[in-house]
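Each remark here refers to the structure printed beneath this line.
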Amino acid sequence: MSTSEPAADSILSLRGVTKRFGGLLAVDEVSFEVPKGQVFSLIGPNGAGKTTLFNCITGMYTPTAGDVILEGRNISGAKPHRTAQLGIARTFQNIRLFEYMTALDNVKVGCHVRMHAKLWDALFKTPFARREEAAVAEQAREQLRFVGIEQHADNYARNLAYGQQRRLEIARALATQPRLLLLDEPAAGFTPQEKVELMALVQKIIDRGITVFLIEHDMRVVMEVSQRIAVLDHGEKIAEGPPAEVRANRRVIEAYLGKSA
Amino acid sequence: MNGALTRTPAAALRSFRSSQVSTFIGLLILVGALALTIQHVLQQSASYFFQILVIGVADGAIYALIALGYTMVYGIIELINFAHGDVFTLGAFVSLALLPMFGVSEGTSGPGWIIPLLVVAVLTMAICGGINVAIERVAYRPLRHAPRLAPLITAIGMSSILEGAMYLWRGPFNLHYPNLLPQNQLIIRGVAIGYKDLIVVAIAIILVAALTVFINISKLGKAMRATAQDRDAAQLMGININGTIAATFFIGAVLAAAGGIIWGLYINNVTFDLGFETGLIAFTSAVFGGIGNIPGAALGGLLIGVIAAFNNAYFDSSWTEIIIFAILIATLVFRPTGLLGMRVPEK
Amino acid sequence: MRGIRAYVREHARDPNFIAYAAMGIGALIFPAVVQFATGGNGDALVSLAADGGVYVLLAIGLNVVVGFAGLLDLGYAAFFAIGAYTYGMLASEQLISSPLHHAVHIPFWIALFIGLFVAAGAGALLGAPTLRLRGDYLAIVTLGFGEIVPRFFRNMRDWTSGVNGISALDPPSLPGWITGPWVNTSFGWVPNFKFLSFNATAWYVLIVILVTASVFGVNNLYRSRLGRAWMAVREDETAAAAMGVNTVSTKLLAFAIGASFSGFAGAFYGAKLSLVSPDNFTFIISITILSMVVLGGMGNVAGAMVGGLLLYWVLYYFLPNAPQQASGLATSIGMDWLNHAVPNGWPGIAEFINRLKFILFGLILVSIMLLRPQGLLPSRLRAQELHRGVHDEPVKTVA
């Protein structure tokens, strides 16, 4: 575990992050740097602790030990709504949309954290509140347009097709105006065509200046879209580096294919 | 719950301190209350103290009997059966109606009323058990998978219906329950203890013991415990869930009905809405002792009964209910697992 | 004009719109119709309707807590009591017998808002330690609170006259008021007008204004950032938190805002009744309001109002009058024996009907939850949720 300053162009630094659940060690002293403005992927066999690590970063879990540093600021143990304020947004492995709200409203909830209308404004529908609501509605539509589902703005989230729901979740996360976007298996259940579209979307997000941190199982997607990859196995980081390096790494191959490989 | 063991130092220190603070405040209040009580107790005679203690234990025994029903039902389906307190009242009402049919009335000399009373008791318990099972079937089972708000609201509705039924039946009046228990007192070293009180406590102990034995030894008891722990696993093991839950409601009602009869014999006075407040007090006992936990319900009942009796005797009785509900709130906020700390299921 | 017609045509199918329109028009013409129908003796009914308005206000407030934010509050009457007692202590001679030895007479219009804020404060105080509890535990805590508050007021005899309650409260007054044929006088201007108990119409107008303002306010909140936050937190607390919603303060606001309606209503109620007594704030009141919200449609303002009006008229007009009607009916159809009470048995049909109210509550609550849990006028959201029973495991706040 290094004690040096985080690299100047890192947006996220993990230093010895550990998470224990009673006797179970889910994440074991994981450290790496996520460079700004790039796509960083986290891969590993099922149960390796990837989502747990995400949860430690966003604050759903508090790390047992270690530090999570966002742009130089230690955010270990900060609560989820706080990390969202600080610029980390996420999607969920199992899609957690507000099913009985419209797509537009879902995204508007994402805008919540950047809005300034107070109770007073809301209660009396002041001009400030009205203007902000109009702006938010426009922003929300813009996000829906960005991910390509604006025609469904007024449909209930639960009525959208699976692919559209995944994209809606991304739109909602983007509405929080994050610096760092965590995507938890965004391509799960996608057709090859949808995966291609997803990769294009990721590139668009990068072009906006947002760093993307990805958990994904589809190796093709990972290799294609990432600039840097970290590999977890049984809670431990077993490799880190550019895709070509990781792909050739012996431990990684063994982890996926078993020791006999 | 594991989160408590796995915090970073800063966060751990924070939560440690805040729980330490609240524990400290709690202890401070407790010590203060105890000191105040002791001061008042010393101002009166020792025999008074023991008499109040006995009354407290007797009241507590009745609360414990009712609390058991709450705790068992909560343990098995995580529902606060609001109507349970009214089943208690129903026990008193039904037995009150049955007693004259078996020739039992106040002033019957000699112990010839014991057998008829037992018969009435068994009938009452069976009837109340049946009613509770019906309530579960009609109002709670259809909502087993609904959002938790829903069965809670139906439970309140059922409580209203039961109270309404008793209100329709006998009106808003205080009904007199025959005074059958021996009036004499046992005198031990200058302290007078009523046979009444002893009998109440004895019956409660017998019933609680019987329940504990039943839960631990019988097949149905095992099924109940299994269902409470993990319903799906129990079902996979071939346990009839619906039947087990129905049995839980039946047994809970039997105990509550017994409590109702004992209340009648002890206090000699019942009203249609008795169950509301008594039920809340019993529920407080269950929570205080540890919800989902049989010894907890018994302990909780005992403690609440004693606290109430002491407050009524040594302080201002108009504050007793407030104190009890404050205990309820404090327990849920600071130590939801209660004294005997059973698991608080968190799905 | 064209704008209104287009608006109406667009919303004509919306049950909420119909409900609002019906209530609005009904509220406007009610006093005139009543006075006409009773030949000028309609004051009692108008006063009753004004009291009904109080319950409608309470239902709107509880709907914010239970319907919008999904927090079951079983002790809502406590905030009602707080609002009423606040007014009682601040607008009467009561505080002379308190350790302060000095009566306070704050004008109604200010005291109304003081009551609002005190109740909101109490709501925040209650909510702060308890909102992280699971749904049913929270419900029990609120129930306990609802039991403690009126008893507490009853016990603080020096401040509240205990069991007797505070009486002779200051009526609201205005620099002037308009009278007219609706109170059987000619058009005129009344200077230094006091809202005394026989000015039923004045109280009625006041509560209609308060309810209307509340409806606008609540609907504004519903369509705002806060309203969306309430919905999101109720739907999926974890996801809401991940999107930056502070779930604790969101729930706290629901609690406090809901409580503030109750406080507001309490101050009005105390002033109108000119009496504040602990017996008026029992669990039965809390349950009545909950029934109104459940019956009308949880999460829907129009629904809560409709439920409130419906249940209020049943409880305070129909049931009290039904015994007489029934015994009259019994006699007239030759079944007079129904009227005769038997000691320890049949209480006579009049008394029997009088005793029906508990069963009535219970049946309403149970049948609604079993048959139509979304209520009479469901919010679109809730209709789908409750019928599916899919979502909702209110766990304590995200760790």
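In the structure tokens, chains take the letters A, B, ... in the order shown, each chain's residues start at 1, and ligands count up from 1 in the order shown.
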Dump as a Markdown table the rows for residues of chain C within 7 Å of chain B: closest atom pair and distance in Å with one decimal, only C-alpha atoms counted, ordered by chain and rising residue number.
```
| residue | atom | partner | partner_atom | distance |
| --- | --- | --- | --- | --- |
| C:Pro129 | CA | B:Val333 | CA | 6.6 |
| C:Thr130 | CA | B:Val333 | CA | 6.1 |
| C:Tyr137 | CA | B:Leu332 | CA | 7.0 |
| C:Val141 | CA | B:Ile329 | CA | 5.3 |
| C:Gly144 | CA | B:Phe325 | CA | 5.3 |
| C:Ile148 | CA | B:Ile322 | CA | 5.2 |
| C:Asn155 | CA | B:Ser318 | CA | 6.9 |
| C:Asn344 | CA | B:Arg170 | CA | 6.8 |
| C:Phe352 | CA | B:Leu168 | CA | 6.5 |
| C:Arg355 | CA | B:Leu168 | CA | 5.7 |
| C:Leu356 | CA | B:Gly164 | CA | 6.7 |
| C:Phe358 | CA | B:Gly164 | CA | 4.5 |
| C:Ile359 | CA | B:Ile161 | CA | 4.4 |
| C:Phe361 | CA | B:Ser160 | CA | 6.5 |
| C:Gly362 | CA | B:Gly157 | CA | 3.7 |
| C:Leu363 | CA | B:Gly157 | CA | 6.4 |
| C:Leu365 | CA | B:Gly157 | CA | 5.1 |
| C:Val366 | CA | B:Thr154 | CA | 4.7 |
| C:Met369 | CA | B:Ala150 | CA | 6.3 |
| C:Gly389 | CA | B:Ala146 | CA | 4.6 |
| C:Asp392 | CA | B:Pro147 | CA | 5.7 |
| C:Val395 | CA | B:Glu346 | CA | 6.7 |
```
(request) Kindly provide, as a ChimeraX atom specification, the residues of chain C having any atom no farther than 7 Å from an atom of chain A, counting only C-alpha atoms. (result) /C:217,220-221,224-225,228-229,232,235-236,239,241-246,381,398-399
Close residues, Ser277 in chain C itself excluded, 8 Å, only C-alpha atoms, min 5 positions apart in chain, as a PDB file with C-alpha atoms, in the first residue's frame:
```
ATOM      1  CA  ARG C 154     -54.363  16.749  30.818  1.00  0.00           C
ATOM      2  CA  GLY C 162     -56.395  19.613  33.152  1.00  0.00           C
ATOM      3  CA  VAL C 163     -59.490  17.571  32.545  1.00  0.00           C
ATOM      4  CA  ASN C 164     -61.745  20.593  32.227  1.00  0.00           C
ATOM      5  CA  GLY C 165     -59.751  22.026  29.407  1.00  0.00           C
ATOM      6  CA  ILE C 166     -59.296  25.609  28.441  1.00  0.00           C
TER       7      ILE C 166
END
```
(message) So that I can see what lies close to Phe79 in chain C, please list as number ranges by chain the residues with an atom at most 8 Å from it, counting only C-alpha atoms and leaving out residues fewer than 5 positions away in the same chain.
(response) C: 119, 122-123, 259-260, 262-263, 266
(message) Can you pull out every residue from range 133-271 of chain C that DSSP, working from the backbone, puts in alpha helix (DSSP H), and format the result as number ranges by chain?
(response) C: 135-155, 157-160, 200-222, 225-235, 237-242, 247-271
Give the residues of chain A that lie within 10 Å of chain B; count only C-alpha atoms, and format the answer as a PDB file with N, CA and C atoms, in the first residue's frame.
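Output contents, as saved in out_15.pdb:
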```
ATOM      1  N   THR A  18     -10.879  -2.305   2.384  1.00  0.00           N
ATOM      2  CA  THR A  18     -11.217  -3.644   2.869  1.00  0.00           C
ATOM      3  C   THR A  18     -12.650  -3.631   3.379  1.00  0.00           C
ATOM      4  N   LYS A  19     -13.389  -4.697   3.108  1.00  0.00           N
ATOM      5  CA  LYS A  19     -14.751  -4.793   3.626  1.00  0.00           C
ATOM      6  C   LYS A  19     -14.998  -6.193   4.157  1.00  0.00           C
ATOM      7  N   ARG A  20     -15.360  -6.228   5.398  1.00  0.00           N
ATOM      8  CA  ARG A  20     -15.614  -7.497   6.071  1.00  0.00           C
ATOM      9  C   ARG A  20     -17.082  -7.554   6.467  1.00  0.00           C
ATOM     10  N   PHE A  21     -17.691  -8.707   6.281  1.00  0.00           N
ATOM     11  CA  PHE A  21     -19.049  -8.923   6.800  1.00  0.00           C
ATOM     12  C   PHE A  21     -18.957 -10.045   7.820  1.00  0.00           C
ATOM     13  N   GLY A  22     -18.793  -9.663   9.074  1.00  0.00           N
ATOM     14  CA  GLY A  22     -18.630 -10.718  10.072  1.00  0.00           C
ATOM     15  C   GLY A  22     -17.385 -11.512   9.753  1.00  0.00           C
ATOM     16  N   GLY A  23     -17.533 -12.777   9.434  1.00  0.00           N
ATOM     17  CA  GLY A  23     -16.350 -13.567   9.133  1.00  0.00           C
ATOM     18  C   GLY A  23     -15.940 -13.521   7.674  1.00  0.00           C
ATOM     19  N   TYR A  61     -21.914   0.963   1.650  1.00  0.00           N
ATOM     20  CA  TYR A  61     -21.210   0.286   2.733  1.00  0.00           C
ATOM     21  C   TYR A  61     -20.096   1.200   3.210  1.00  0.00           C
ATOM     22  N   THR A  62     -19.783   1.090   4.477  1.00  0.00           N
ATOM     23  CA  THR A  62     -18.616   1.798   4.969  1.00  0.00           C
ATOM     24  C   THR A  62     -17.455   0.818   5.002  1.00  0.00           C
ATOM     25  N   PRO A  63     -16.341   1.151   4.413  1.00  0.00           N
ATOM     26  CA  PRO A  63     -15.217   0.209   4.398  1.00  0.00           C
ATOM     27  C   PRO A  63     -14.753  -0.136   5.810  1.00  0.00           C
ATOM     28  N   THR A  64     -14.402  -1.370   6.020  1.00  0.00           N
ATOM     29  CA  THR A  64     -13.860  -1.787   7.313  1.00  0.00           C
ATOM     30  C   THR A  64     -12.520  -1.125   7.553  1.00  0.00           C
ATOM     31  N   ALA A  65     -11.783  -0.975   6.468  1.00  0.00           N
ATOM     32  CA  ALA A  65     -10.477  -0.322   6.559  1.00  0.00           C
ATOM     33  C   ALA A  65     -10.147   0.270   5.207  1.00  0.00           C
ATOM     34  N   GLY A  66      -9.192   1.153   5.184  1.00  0.00           N
ATOM     35  CA  GLY A  66      -8.769   1.726   3.913  1.00  0.00           C
ATOM     36  C   GLY A  66      -9.482   3.034   3.618  1.00  0.00           C
ATOM     37  N   ASP A  67      -9.057   3.672   2.557  1.00  0.00           N
ATOM     38  CA  ASP A  67      -9.597   4.981   2.226  1.00  0.00           C
ATOM     39  C   ASP A  67     -10.064   5.047   0.795  1.00  0.00           C
ATOM     40  N   SER A  76     -14.179   8.297   2.539  1.00  0.00           N
ATOM     41  CA  SER A  76     -14.508   6.981   3.109  1.00  0.00           C
ATOM     42  C   SER A  76     -15.633   7.118   4.120  1.00  0.00           C
ATOM     43  N   GLY A  77     -16.652   6.305   3.956  1.00  0.00           N
ATOM     44  CA  GLY A  77     -17.734   6.308   4.933  1.00  0.00           C
ATOM     45  C   GLY A  77     -18.752   7.402   4.714  1.00  0.00           C
ATOM     46  N   ALA A  78     -18.563   8.246   3.695  1.00  0.00           N
ATOM     47  CA  ALA A  78     -19.587   9.260   3.436  1.00  0.00           C
ATOM     48  C   ALA A  78     -20.847   8.565   2.927  1.00  0.00           C
TER      49      ALA A  78
END
```
